[in-house]
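**Student:** Data: final_12.pdb, PDB, C-alpha atoms.
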ATOM      1  CA  GLU Y   1      -3.981 -18.192   7.556
ATOM      2  CA  THR Y   2      -5.252 -14.689   8.338
ATOM      3  CA  GLY Y   3      -6.076 -12.220   5.607
ATOM      4  CA  VAL Y   4      -4.672  -8.778   4.926
ATOM      5  CA  THR Y   5      -5.863  -6.182   7.409
ATOM      6  CA  GLN Y   6      -5.644  -2.394   7.332
ATOM      7  CA  SER Y   7      -6.110   0.307   9.930
ATOM      8  CA  PRO Y   8      -7.789   2.613  10.431
ATOM      9  CA  THR Y   9     -10.924   2.011   8.378
ATOM     10  CA  HIS Y  10     -11.666   5.689   7.950
ATOM     11  CA  LEU Y  11      -9.641   8.815   8.605
ATOM     12  CA  ILE Y  12     -10.282  12.541   8.286
ATOM     13  CA  LYS Y  13      -7.378  14.979   8.051
ATOM     14  CA  THR Y  14      -6.926  18.598   7.064
ATOM     15  CA  ARG Y  15      -4.766  19.942   4.264
ATOM     16  CA  GLY Y  16      -1.084  20.160   5.190
ATOM     17  CA  GLN Y  17      -1.229  17.467   7.856
ATOM     18  CA  GLN Y  18       0.618  14.161   7.798
ATOM     19  CA  VAL Y  19      -0.970  10.709   7.940
ATOM     20  CA  THR Y  20       0.204   7.134   8.558
ATOM     21  CA  LEU Y  21      -1.796   4.183   7.298
ATOM     22  CA  ARG Y  22      -1.062   0.644   8.418
ATOM     23  CA  CYS Y  23      -1.256  -2.761   6.825
ATOM     24  CA  SER Y  24      -0.735  -6.263   8.140
ATOM     25  CA  SER Y  25       0.186  -8.733   5.421
ATOM     26  CA  GLN Y  26      -0.474 -12.435   5.320
ATOM     27  CA  SER Y  27       2.180 -14.330   7.236
ATOM     28  CA  GLY Y  28       5.043 -15.365   4.985
ATOM     29  CA  HIS Y  29       4.314 -12.773   2.321
ATOM     30  CA  ASN Y  30       7.525 -10.880   1.576
ATOM     31  CA  THR Y  31       5.965  -8.270  -0.671
ATOM     32  CA  VAL Y  32       3.520  -5.480   0.026
ATOM     33  CA  SER Y  33       2.178  -3.059  -2.535
ATOM     34  CA  TRP Y  34       0.184   0.097  -1.897
ATOM     35  CA  TYR Y  35      -2.488   1.538  -4.190
ATOM     36  CA  GLN Y  36      -4.563   4.704  -4.251
ATOM     37  CA  GLN Y  37      -8.119   4.406  -5.550
ATOM     38  CA  ALA Y  38      -9.868   7.685  -6.224
ATOM     39  CA  LEU Y  39     -13.642   7.731  -6.569
ATOM     40  CA  GLY Y  40     -14.760   6.159  -9.841
ATOM     41  CA  GLN Y  41     -11.232   5.070 -10.767
ATOM     42  CA  GLY Y  42      -9.247   1.885 -10.608
ATOM     43  CA  PRO Y  43      -6.455   1.417  -8.080
ATOM     44  CA  GLN Y  44      -3.243   3.254  -8.966
ATOM     45  CA  PHE Y  45       0.082   1.729  -7.964
ATOM     46  CA  ILE Y  46       1.999   3.851  -5.427
ATOM     47  CA  PHE Y  47       4.966   1.617  -4.558
ATOM     48  CA  GLN Y  48       6.021  -1.874  -3.605
ATOM     49  CA  TYR Y  49       8.249  -3.124  -0.799
ATOM     50  CA  TYR Y  50      10.062  -6.443  -0.952
ATOM     51  CA  ARG Y  51      11.861  -7.672   2.149
ATOM     52  CA  GLU Y  52      11.845  -4.197   3.699
ATOM     53  CA  GLU Y  53      13.246  -2.377   0.668
ATOM     54  CA  GLU Y  54      11.378  -0.293  -1.886
ATOM     55  CA  ASN Y  55      11.190  -2.410  -5.025
ATOM     56  CA  GLY Y  56       9.441  -0.023  -7.370
ATOM     57  CA  ARG Y  57       7.383   3.128  -7.491
ATOM     58  CA  GLY Y  58       4.535   4.575  -9.519
ATOM     59  CA  ASN Y  59       3.975   8.207 -10.456
ATOM     60  CA  PHE Y  60       3.603   9.546  -6.937
ATOM     61  CA  PRO Y  61       5.664  12.378  -5.369
ATOM     62  CA  PRO Y  62       8.233  11.783  -2.606
ATOM     63  CA  ARG Y  63       5.800  12.966   0.064
ATOM     64  CA  PHE Y  64       4.342   9.449  -0.280
ATOM     65  CA  SER Y  65       6.714   7.142   1.572
ATOM     66  CA  GLY Y  66       6.568   3.720   3.125
ATOM     67  CA  LEU Y  67       8.100   1.257   5.500
ATOM     68  CA  GLN Y  68       7.948  -2.516   5.717
ATOM     69  CA  PHE Y  69       8.806  -4.363   8.912
ATOM     70  CA  PRO Y  70      10.066  -7.924   9.533
ATOM     71  CA  ASN Y  71       6.792  -8.883  11.230
ATOM     72  CA  TYR Y  72       4.862  -8.543   7.917
ATOM     73  CA  SER Y  73       3.414  -5.159   8.831
ATOM     74  CA  SER Y  74       3.903  -2.032   6.758
ATOM     75  CA  GLU Y  75       3.083   1.669   6.704
ATOM     76  CA  LEU Y  76       2.188   4.253   4.115
ATOM     77  CA  ASN Y  77       3.062   7.806   5.135
ATOM     78  CA  VAL Y  78       1.786  10.870   3.341
ATOM     79  CA  ASN Y  79       3.159  14.312   4.218
ATOM     80  CA  ALA Y  80       1.717  17.726   3.414
ATOM     81  CA  LEU Y  81      -1.716  16.347   2.601
ATOM     82  CA  GLU Y  82      -3.578  17.840  -0.335
ATOM     83  CA  LEU Y  83      -7.286  17.730  -1.108
ATOM     84  CA  ASP Y  84      -6.611  15.357  -4.039
ATOM     85  CA  ASP Y  85      -5.141  12.819  -1.637
ATOM     86  CA  SER Y  86      -8.684  11.969  -0.583
ATOM     87  CA  ALA Y  87      -9.112   8.363  -1.705
ATOM     88  CA  LEU Y  88      -9.289   4.720  -0.676
ATOM     89  CA  TYR Y  89      -5.815   3.383   0.075
ATOM     90  CA  LEU Y  90      -5.335  -0.333  -0.488
ATOM     91  CA  CYS Y  91      -2.461  -2.549   0.461
ATOM     92  CA  ALA Y  92      -1.848  -5.931  -1.113
ATOM     93  CA  SER Y  93       0.539  -8.658  -0.051
ATOM     94  CA  SER Y  94       2.062 -11.454  -2.091
ATOM     95  CA  LEU Y  95       4.694 -14.140  -1.728
ATOM     96  CA  GLY Y  96       6.931 -12.839  -4.494
ATOM     97  CA  ARG Y  97       7.523  -9.471  -6.045
ATOM     98  CA  PHE Y  98       6.262 -10.003  -9.581
ATOM     99  CA  GLY Y  99       2.842  -9.892 -11.085
ATOM    100  CA  THR Y 100       2.620 -13.664 -11.451
ATOM    101  CA  ASP Y 101       2.307 -13.865  -7.680
ATOM    102  CA  THR Y 102      -1.305 -13.405  -6.672
ATOM    103  CA  GLN Y 103      -1.874 -10.257  -4.681
ATOM    104  CA  TYR Y 104      -4.205 -10.386  -1.684
ATOM    105  CA  PHE Y 105      -5.814  -7.051  -0.945
ATOM    106  CA  GLY Y 106      -6.926  -5.593   2.342
ATOM    107  CA  PRO Y 107     -10.279  -3.779   2.658
ATOM    108  CA  GLY Y 108      -8.627  -0.370   2.465
ATOM    109  CA  THR Y 109      -8.472   2.848   4.463
ATOM    110  CA  ARG Y 110     -10.751   5.671   3.367
ATOM    111  CA  LEU Y 111      -8.871   8.973   3.748
ATOM    112  CA  THR Y 112     -10.718  12.277   3.550
ATOM    113  CA  VAL Y 113      -8.699  15.495   3.381
ATOM    114  CA  LEU Y 114     -10.605  18.686   4.211
TER     115      LEU Y 114
ATOM    116  CA  ASP L   1      -2.032   8.302 -19.902
ATOM    117  CA  GLN L   2      -4.828   5.767 -19.877
ATOM    118  CA  GLN L   3      -3.208   2.535 -20.933
ATOM    119  CA  VAL L   4      -6.202   0.463 -19.862
ATOM    120  CA  LYS L   5      -9.820   1.314 -20.558
ATOM    121  CA  GLN L   6     -13.043  -0.305 -19.480
ATOM    122  CA  ASN L   7     -15.526   1.707 -21.492
ATOM    123  CA  SER L   8     -18.669   0.412 -19.821
ATOM    124  CA  PRO L   9     -18.931   1.867 -16.315
ATOM    125  CA  SER L  10     -21.935  -0.319 -15.562
ATOM    126  CA  LEU L  11     -23.771  -3.362 -16.864
ATOM    127  CA  SER L  12     -27.058  -4.991 -15.849
ATOM    128  CA  VAL L  13     -27.815  -8.600 -16.718
ATOM    129  CA  GLN L  14     -30.632 -10.988 -15.865
ATOM    130  CA  GLU L  15     -29.785 -13.951 -13.666
ATOM    131  CA  GLY L  16     -28.864 -16.981 -15.769
ATOM    132  CA  ARG L  17     -27.815 -14.942 -18.796
ATOM    133  CA  ILE L  18     -24.295 -14.207 -19.990
ATOM    134  CA  SER L  19     -22.336 -11.194 -18.701
ATOM    135  CA  ILE L  20     -19.603  -9.834 -20.968
ATOM    136  CA  LEU L  21     -17.147  -7.314 -19.570
ATOM    137  CA  ASN L  22     -14.657  -5.671 -21.896
ATOM    138  CA  CYS L  23     -11.202  -4.187 -21.502
ATOM    139  CA  ASP L  24      -9.005  -2.413 -24.054
ATOM    140  CA  TYR L  25      -5.323  -1.618 -23.657
ATOM    141  CA  THR L  26      -2.702   0.296 -25.593
ATOM    142  CA  ASN L  27       0.617  -0.972 -24.215
ATOM    143  CA  SER L  28       1.916  -3.835 -26.389
ATOM    144  CA  MET L  29       4.394  -4.780 -23.633
ATOM    145  CA  PHE L  30       1.590  -6.203 -21.482
ATOM    146  CA  ASP L  31       1.855  -9.969 -21.559
ATOM    147  CA  TYR L  32      -0.207 -11.084 -18.586
ATOM    148  CA  PHE L  33      -3.757 -10.047 -17.844
ATOM    149  CA  LEU L  34      -5.746 -10.416 -14.660
ATOM    150  CA  TRP L  35      -9.327  -9.774 -13.650
ATOM    151  CA  TYR L  36     -10.204  -8.730 -10.130
ATOM    152  CA  LYS L  37     -13.617  -8.543  -8.515
ATOM    153  CA  LYS L  38     -14.444  -6.029  -5.784
ATOM    154  CA  TYR L  39     -17.388  -6.033  -3.406
ATOM    155  CA  PRO L  40     -18.256  -2.901  -1.392
ATOM    156  CA  ALA L  41     -16.117  -2.417   1.728
ATOM    157  CA  GLU L  42     -13.756  -5.197   0.641
ATOM    158  CA  GLY L  43     -10.475  -5.201  -1.232
ATOM    159  CA  PRO L  44     -10.258  -6.564  -4.778
ATOM    160  CA  THR L  45      -9.962 -10.347  -5.053
ATOM    161  CA  PHE L  46      -8.257 -12.186  -7.868
ATOM    162  CA  LEU L  47     -10.682 -13.873 -10.252
ATOM    163  CA  ILE L  48      -8.938 -15.217 -13.342
ATOM    164  CA  SER L  49      -5.892 -14.509 -15.490
ATOM    165  CA  ILE L  50      -4.541 -15.172 -18.948
ATOM    166  CA  SER L  51      -1.082 -15.156 -20.437
ATOM    167  CA  SER L  52      -0.471 -13.546 -23.818
ATOM    168  CA  ILE L  53       0.524 -16.923 -25.257
ATOM    169  CA  LYS L  54      -3.093 -18.023 -24.927
ATOM    170  CA  ASP L  55      -6.303 -16.633 -26.347
ATOM    171  CA  LYS L  56      -8.687 -18.236 -23.877
ATOM    172  CA  ASN L  57      -8.690 -19.345 -20.272
ATOM    173  CA  GLU L  58     -11.625 -20.933 -18.513
ATOM    174  CA  ASP L  59     -12.372 -21.463 -14.847
ATOM    175  CA  GLY L  60     -15.847 -22.727 -14.081
ATOM    176  CA  ARG L  61     -18.387 -20.084 -15.028
ATOM    177  CA  PHE L  62     -15.663 -17.568 -15.895
ATOM    178  CA  THR L  63     -13.837 -17.382 -19.221
ATOM    179  CA  VAL L  64     -11.385 -14.735 -20.330
ATOM    180  CA  PHE L  65     -10.684 -14.150 -24.016
ATOM    181  CA  LEU L  66      -7.646 -12.279 -25.313
ATOM    182  CA  ASN L  67      -7.337 -10.724 -28.770
ATOM    183  CA  LYS L  68      -3.769  -9.467 -28.931
ATOM    184  CA  SER L  69      -4.012  -7.937 -32.378
ATOM    185  CA  ALA L  70      -6.959  -5.826 -31.240
ATOM    186  CA  LYS L  71      -5.448  -5.261 -27.780
ATOM    187  CA  HIS L  72      -8.740  -6.345 -26.289
ATOM    188  CA  LEU L  73      -9.778  -8.791 -23.633
ATOM    189  CA  SER L  74     -13.143  -9.787 -22.328
ATOM    190  CA  LEU L  75     -14.512 -11.649 -19.331
ATOM    191  CA  HIS L  76     -17.538 -13.873 -19.840
ATOM    192  CA  ILE L  77     -19.646 -15.059 -16.917
ATOM    193  CA  VAL L  78     -22.089 -17.850 -17.716
ATOM    194  CA  PRO L  79     -24.567 -18.243 -16.147
ATOM    195  CA  SER L  80     -24.603 -14.978 -14.220
ATOM    196  CA  GLN L  81     -25.690 -15.140 -10.594
ATOM    197  CA  PRO L  82     -26.802 -12.371  -8.189
ATOM    198  CA  GLY L  83     -23.634 -12.992  -6.138
ATOM    199  CA  ASP L  84     -21.592 -11.905  -9.153
ATOM    200  CA  SER L  85     -22.820  -8.344  -8.634
ATOM    201  CA  ALA L  86     -19.600  -6.405  -7.996
ATOM    202  CA  VAL L  87     -17.105  -4.086  -9.665
ATOM    203  CA  TYR L  88     -14.742  -5.868 -12.052
ATOM    204  CA  PHE L  89     -11.282  -4.557 -12.877
ATOM    205  CA  CYS L  90      -8.934  -5.738 -15.577
ATOM    206  CA  ALA L  91      -5.285  -5.385 -14.601
ATOM    207  CA  PRO L  92      -2.631  -6.133 -17.205
ATOM    208  CA  TYR L  93       1.084  -6.056 -16.547
ATOM    209  CA  THR L  94       4.438  -6.833 -18.105
ATOM    210  CA  SER L  95       6.403  -9.928 -17.029
ATOM    211  CA  GLY L  96       9.389  -9.174 -14.853
ATOM    212  CA  THR L  97       7.820  -6.002 -13.539
ATOM    213  CA  TYR L  98       5.977  -5.442 -10.373
ATOM    214  CA  LYS L  99       3.098  -3.159 -11.071
ATOM    215  CA  TYR L 100      -0.364  -3.692 -12.405
ATOM    216  CA  ILE L 101      -2.198  -1.037 -14.356
ATOM    217  CA  PHE L 102      -5.824  -1.249 -13.319
ATOM    218  CA  GLY L 103      -8.706  -0.272 -15.543
ATOM    219  CA  THR L 104     -11.454   2.018 -14.255
ATOM    220  CA  GLY L 105     -13.769  -0.886 -13.531
ATOM    221  CA  THR L 106     -17.207  -2.043 -14.645
ATOM    222  CA  ARG L 107     -20.008  -2.335 -12.114
ATOM    223  CA  LEU L 108     -21.992  -5.494 -12.849
ATOM    224  CA  LYS L 109     -25.479  -5.911 -11.482
ATOM    225  CA  VAL L 110     -27.132  -9.292 -11.891
ATOM    226  CA  LEU L 111     -30.879  -9.038 -11.515
ATOM    227  CA  ALA L 112     -32.756 -11.915  -9.877
TER     228      ALA L 112
END
Represent the structure of the file as structure tokens.
**Tutor:**
Amino acid sequence: ETGVTQSPTHLIKTRGQQVTLRCSSQSGHNTVSWYQQALGQGPQFIFQYYREEENGRGNFPPRFSGLQFPNYSSELNVNALELDDSALYLCASSLGRFGTDTQYFGPGTRLTVL
Amino acid sequence: DQQVKQNSPSLSVQEGRISILNCDYTNSMFDYFLWYKKYPAEGPTFLISISSIKDKNEDGRFTVFLNKSAKHLSLHIVPSQPGDSAVYFCAPYTSGTYKYIFGTGTRLKVLA
């Protein structure tokens, strides 16, 4: 059983650009959640996808969007990047879509917006 | 809107002694509480959890205590080991929902 992987590891973008971050979930895990972790803060929930549909969303604007694919991969897209988007982005996969299902986190993608 | 607070950003403990990490919350709807551990350059990993119907859960060296009336939980590590040095997050949530609210984390350093 492989773990959760994310790509790229690091990324530098400029304000106004668009970015796509990728995640590969554990095989068989139907749920993927994305989190933003700013420096010195805990992870903040962005949204969750369950079987390719958005299952819930945190307090993030629509320029944060996602996709989940049948092959257990997923994407986080951020449009019109702002300086405050600089953070570590974590994805987490789980079998089910509720908190009782253990989430397995990837190592994250460090995004820097200049 | 800080529903979850870990008021100690850092903690240093001697190897073999007890580490106590604290977490306070305000949302009375939380009924399940998790602790995650995070090493540098790795994602958080699940450590231990407790349901609101219990006041204590133990797993080896790790014990979590829940005081619902005080809206407070704590993680005890006994004995502490250098490999326990990491950032610890509490993450409560409400049953039937899908999102955790993570605390700000406490960086534990266990000194050999």
**Student:** Taking (-18.3, -0.7, -0.9) as a centre in this file's frame and 10 Å as the limit, can you find every polymer residue with an atom that close, using all atoms listed in the file, and give them as a list in words?
**Tutor:**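 These residues have at least one counted atom within 10 Å: Pro107 of chain Y; Lys38, Tyr39, Pro40, Ala41, Glu42, Gly43, Ala86 and Val87 of chain L.
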**Student:** Restricting it to C-alpha atoms, dump the selection as a PDB file, in the frame of the given file.
**Tutor:**
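Once written, result36.pdb looks like this:
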ATOM      1  CA  PRO Y 107     -10.279  -3.779   2.658  1.00  0.00           C
TER       2      PRO Y 107
ATOM      3  CA  LYS L  38     -14.444  -6.029  -5.784  1.00  0.00           C
ATOM      4  CA  TYR L  39     -17.388  -6.033  -3.406  1.00  0.00           C
ATOM      5  CA  PRO L  40     -18.256  -2.901  -1.392  1.00  0.00           C
ATOM      6  CA  ALA L  41     -16.117  -2.417   1.728  1.00  0.00           C
ATOM      7  CA  GLU L  42     -13.756  -5.197   0.641  1.00  0.00           C
ATOM      8  CA  GLY L  43     -10.475  -5.201  -1.232  1.00  0.00           C
ATOM      9  CA  ALA L  86     -19.600  -6.405  -7.996  1.00  0.00           C
ATOM     10  CA  VAL L  87     -17.105  -4.086  -9.665  1.00  0.00           C
TER      11      VAL L  87
END
**Student:** Go through Y:Gly42, Y:Thr100, Y:Thr14, Y:Tyr49 one by one, measure the shortest atom-to-atom distance of each to Cys90 (chain L) using all atoms listed in the file, and give the residue with the smallest value.
**Tutor:**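 Checking each of Y:Gly42, Y:Thr100, Y:Thr14, Y:Tyr49 against Cys90 (chain L), counting all atoms listed in the file, the winner is Y:Gly42.
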**Student:** Going by the chain IDs and residue numbers used in this file, which residues fall under the PyMOL selection byres ((chain L) within 8 of (chain Y))? Write them as a list in words.
**Tutor:**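 For this structure, the PyMOL selection byres ((chain L) within 8 of (chain Y)) captures Ala41, Glu42, Gly43, Pro44, Thr45, Phe46, Phe89, Tyr93, Thr94, Ser95, Gly96, Thr97, Tyr98, Lys99, Tyr100, Ile101, Phe102, Gly103, Thr104 and Gly105 of chain L.
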**Student:** Enumerate, as an MDAnalysis selection string, the residues matched when the PyMOL selection byres ((chain L and resi 26) around 7) is run on the file above.
**Tutor:** chainID L and resid 3:4 25 27:28 71
**Student:** Expand the PyMOL selection byres ((chain L and resi 84) around 12) into the individual residues it matches in the shown file, reporting them as a ChimeraX atom specification.
**Tutor:** /L:11-19,36-39,47,61-62,76-83,85-88,107-112
**Student:** Tell me, in Å to one decimal, how far CA of Ser24 (chain Y) is from CA of Pro62 (chain Y).
**Tutor:** 22.8 Å
**Student:** Please compute the CA of Asn79 (chain Y)-CA of Thr112 (chain Y) distance, one decimal, in Å.
**Tutor:**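 Taking CA of Asn79 (chain Y) and CA of Thr112 (chain Y), their separation equals 14.0 Å.
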**Student:** In Å, rounded to a single decimal, give me how far CA of Thr106 (chain L) is from CA of Leu21 (chain L).
**Tutor:** 7.2 Å
**Student:** Set up a box along x, y and z of the file covering all listed atoms of region 80-84 of chain L, add 5 Å on every one of the six sides, and write the centre and edge lengths in Å to one decimal, as AutoDock Vina command-line options.
**Tutor:**
--center_x -24.2 --center_y -13.5 --center_z -10.2 --size_x 15.2 --size_y 13.2 --size_z 18.1
**Student:** For each of Y:Thr31, Y:Asn59, Y:Asn71, Y:Gln26, take the minimum atom-to-atom distance to Gly3 (chain Y), counting all atoms listed in the file, then give the residue where this is smallest.
**Tutor:**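 Checking each candidate against Gly3 (chain Y), we get Y:Gln26 as the closest.
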**Student:** For each of Y:Ser25, Y:Ser94, Y:Ser7, Y:Gln17, take the minimum atom-to-atom distance to Gln68 (chain Y), counting all atoms listed in the file, then give the residue where this is smallest.
**Tutor:** Y:Ser25
**Student:** Could I see region 85-96 of chain L restored to all heavy atoms, set down as an mmCIF file, in the coordinates of the input?
**Tutor:**
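What ended up in rebuild_6.cif:
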data_model
loop_
_atom_site.group_PDB
_atom_site.id
_atom_site.type_symbol
_atom_site.label_atom_id
_atom_site.label_comp_id
_atom_site.auth_asym_id
_atom_site.auth_seq_id
_atom_site.Cartn_x
_atom_site.Cartn_y
_atom_site.Cartn_z
ATOM 1 N N SER L 85 -22.681 -9.804 -8.630
ATOM 2 C CA SER L 85 -22.820 -8.344 -8.634
ATOM 3 C C SER L 85 -21.656 -7.725 -7.858
ATOM 4 O O SER L 85 -21.500 -7.959 -6.660
ATOM 5 C CB SER L 85 -24.155 -7.927 -8.006
ATOM 6 O OG SER L 85 -25.241 -8.421 -8.762
ATOM 7 N N ALA L 86 -20.836 -6.967 -8.556
ATOM 8 C CA ALA L 86 -19.600 -6.405 -7.996
ATOM 9 C C ALA L 86 -18.996 -5.480 -9.045
ATOM 10 O O ALA L 86 -19.516 -5.350 -10.150
ATOM 11 C CB ALA L 86 -18.609 -7.521 -7.655
ATOM 12 N N VAL L 87 -17.884 -4.851 -8.695
ATOM 13 C CA VAL L 87 -17.105 -4.086 -9.665
ATOM 14 C C VAL L 87 -15.964 -4.969 -10.147
ATOM 15 O O VAL L 87 -15.278 -5.599 -9.333
ATOM 16 C CB VAL L 87 -16.553 -2.784 -9.060
ATOM 17 C CG1 VAL L 87 -15.701 -2.035 -10.082
ATOM 18 C CG2 VAL L 87 -17.687 -1.899 -8.562
ATOM 19 N N TYR L 88 -15.775 -5.030 -11.453
ATOM 20 C CA TYR L 88 -14.742 -5.868 -12.052
ATOM 21 C C TYR L 88 -13.666 -4.988 -12.680
ATOM 22 O O TYR L 88 -13.967 -4.071 -13.447
ATOM 23 C CB TYR L 88 -15.359 -6.795 -13.110
ATOM 24 C CG TYR L 88 -16.219 -7.875 -12.504
ATOM 25 C CD1 TYR L 88 -17.524 -7.588 -12.102
ATOM 26 C CD2 TYR L 88 -15.728 -9.162 -12.314
ATOM 27 C CE1 TYR L 88 -18.316 -8.566 -11.512
ATOM 28 C CE2 TYR L 88 -16.520 -10.147 -11.729
ATOM 29 C CZ TYR L 88 -17.805 -9.834 -11.334
ATOM 30 O OH TYR L 88 -18.590 -10.800 -10.760
ATOM 31 N N PHE L 89 -12.416 -5.292 -12.343
ATOM 32 C CA PHE L 89 -11.282 -4.557 -12.877
ATOM 33 C C PHE L 89 -10.421 -5.489 -13.724
ATOM 34 O O PHE L 89 -10.118 -6.607 -13.296
ATOM 35 C CB PHE L 89 -10.397 -4.001 -11.757
ATOM 36 C CG PHE L 89 -11.045 -2.975 -10.883
ATOM 37 C CD1 PHE L 89 -11.591 -3.318 -9.654
ATOM 38 C CD2 PHE L 89 -11.102 -1.648 -11.284
ATOM 39 C CE1 PHE L 89 -12.181 -2.377 -8.841
ATOM 40 C CE2 PHE L 89 -11.691 -0.684 -10.476
ATOM 41 C CZ PHE L 89 -12.235 -1.057 -9.254
ATOM 42 N N CYS L 90 -10.004 -5.033 -14.880
ATOM 43 C CA CYS L 90 -8.934 -5.738 -15.577
ATOM 44 C C CYS L 90 -7.625 -5.075 -15.166
ATOM 45 O O CYS L 90 -7.578 -3.871 -14.882
ATOM 46 C CB CYS L 90 -9.124 -5.731 -17.085
ATOM 47 S SG CYS L 90 -9.019 -4.122 -17.872
ATOM 48 N N ALA L 91 -6.569 -5.880 -15.102
ATOM 49 C CA ALA L 91 -5.285 -5.385 -14.601
ATOM 50 C C ALA L 91 -4.157 -6.077 -15.356
ATOM 51 O O ALA L 91 -3.665 -7.126 -14.922
ATOM 52 C CB ALA L 91 -5.160 -5.623 -13.093
ATOM 53 N N PRO L 92 -3.749 -5.535 -16.475
ATOM 54 C CA PRO L 92 -2.631 -6.133 -17.205
ATOM 55 C C PRO L 92 -1.292 -5.693 -16.626
ATOM 56 O O PRO L 92 -1.203 -4.670 -15.934
ATOM 57 C CB PRO L 92 -2.797 -5.571 -18.623
ATOM 58 C CG PRO L 92 -3.600 -4.332 -18.475
ATOM 59 C CD PRO L 92 -4.344 -4.409 -17.174
ATOM 60 N N TYR L 93 -0.263 -6.481 -16.919
ATOM 61 C CA TYR L 93 1.084 -6.056 -16.547
ATOM 62 C C TYR L 93 2.105 -6.725 -17.457
ATOM 63 O O TYR L 93 1.769 -7.572 -18.279
ATOM 64 C CB TYR L 93 1.369 -6.358 -15.081
ATOM 65 C CG TYR L 93 1.741 -7.775 -14.783
ATOM 66 C CD1 TYR L 93 3.072 -8.159 -14.666
ATOM 67 C CD2 TYR L 93 0.757 -8.740 -14.618
ATOM 68 C CE1 TYR L 93 3.418 -9.464 -14.408
ATOM 69 C CE2 TYR L 93 1.097 -10.051 -14.356
ATOM 70 C CZ TYR L 93 2.420 -10.409 -14.247
ATOM 71 O OH TYR L 93 2.744 -11.710 -14.009
ATOM 72 N N THR L 94 3.337 -6.320 -17.299
ATOM 73 C CA THR L 94 4.438 -6.833 -18.105
ATOM 74 C C THR L 94 5.289 -7.752 -17.253
ATOM 75 O O THR L 94 5.683 -7.379 -16.138
ATOM 76 C CB THR L 94 5.296 -5.671 -18.634
ATOM 77 O OG1 THR L 94 4.454 -4.765 -19.347
ATOM 78 C CG2 THR L 94 6.398 -6.178 -19.547
ATOM 79 N N SER L 95 5.578 -8.958 -17.760
ATOM 80 C CA SER L 95 6.403 -9.928 -17.029
ATOM 81 C C SER L 95 7.715 -9.309 -16.587
ATOM 82 O O SER L 95 8.328 -8.537 -17.331
ATOM 83 C CB SER L 95 6.715 -11.138 -17.908
ATOM 84 O OG SER L 95 5.558 -11.872 -18.160
ATOM 85 N N GLY L 96 8.133 -9.683 -15.369
ATOM 86 C CA GLY L 96 9.389 -9.174 -14.853
ATOM 87 C C GLY L 96 9.262 -7.832 -14.177
ATOM 88 O O GLY L 96 10.221 -7.332 -13.610
#
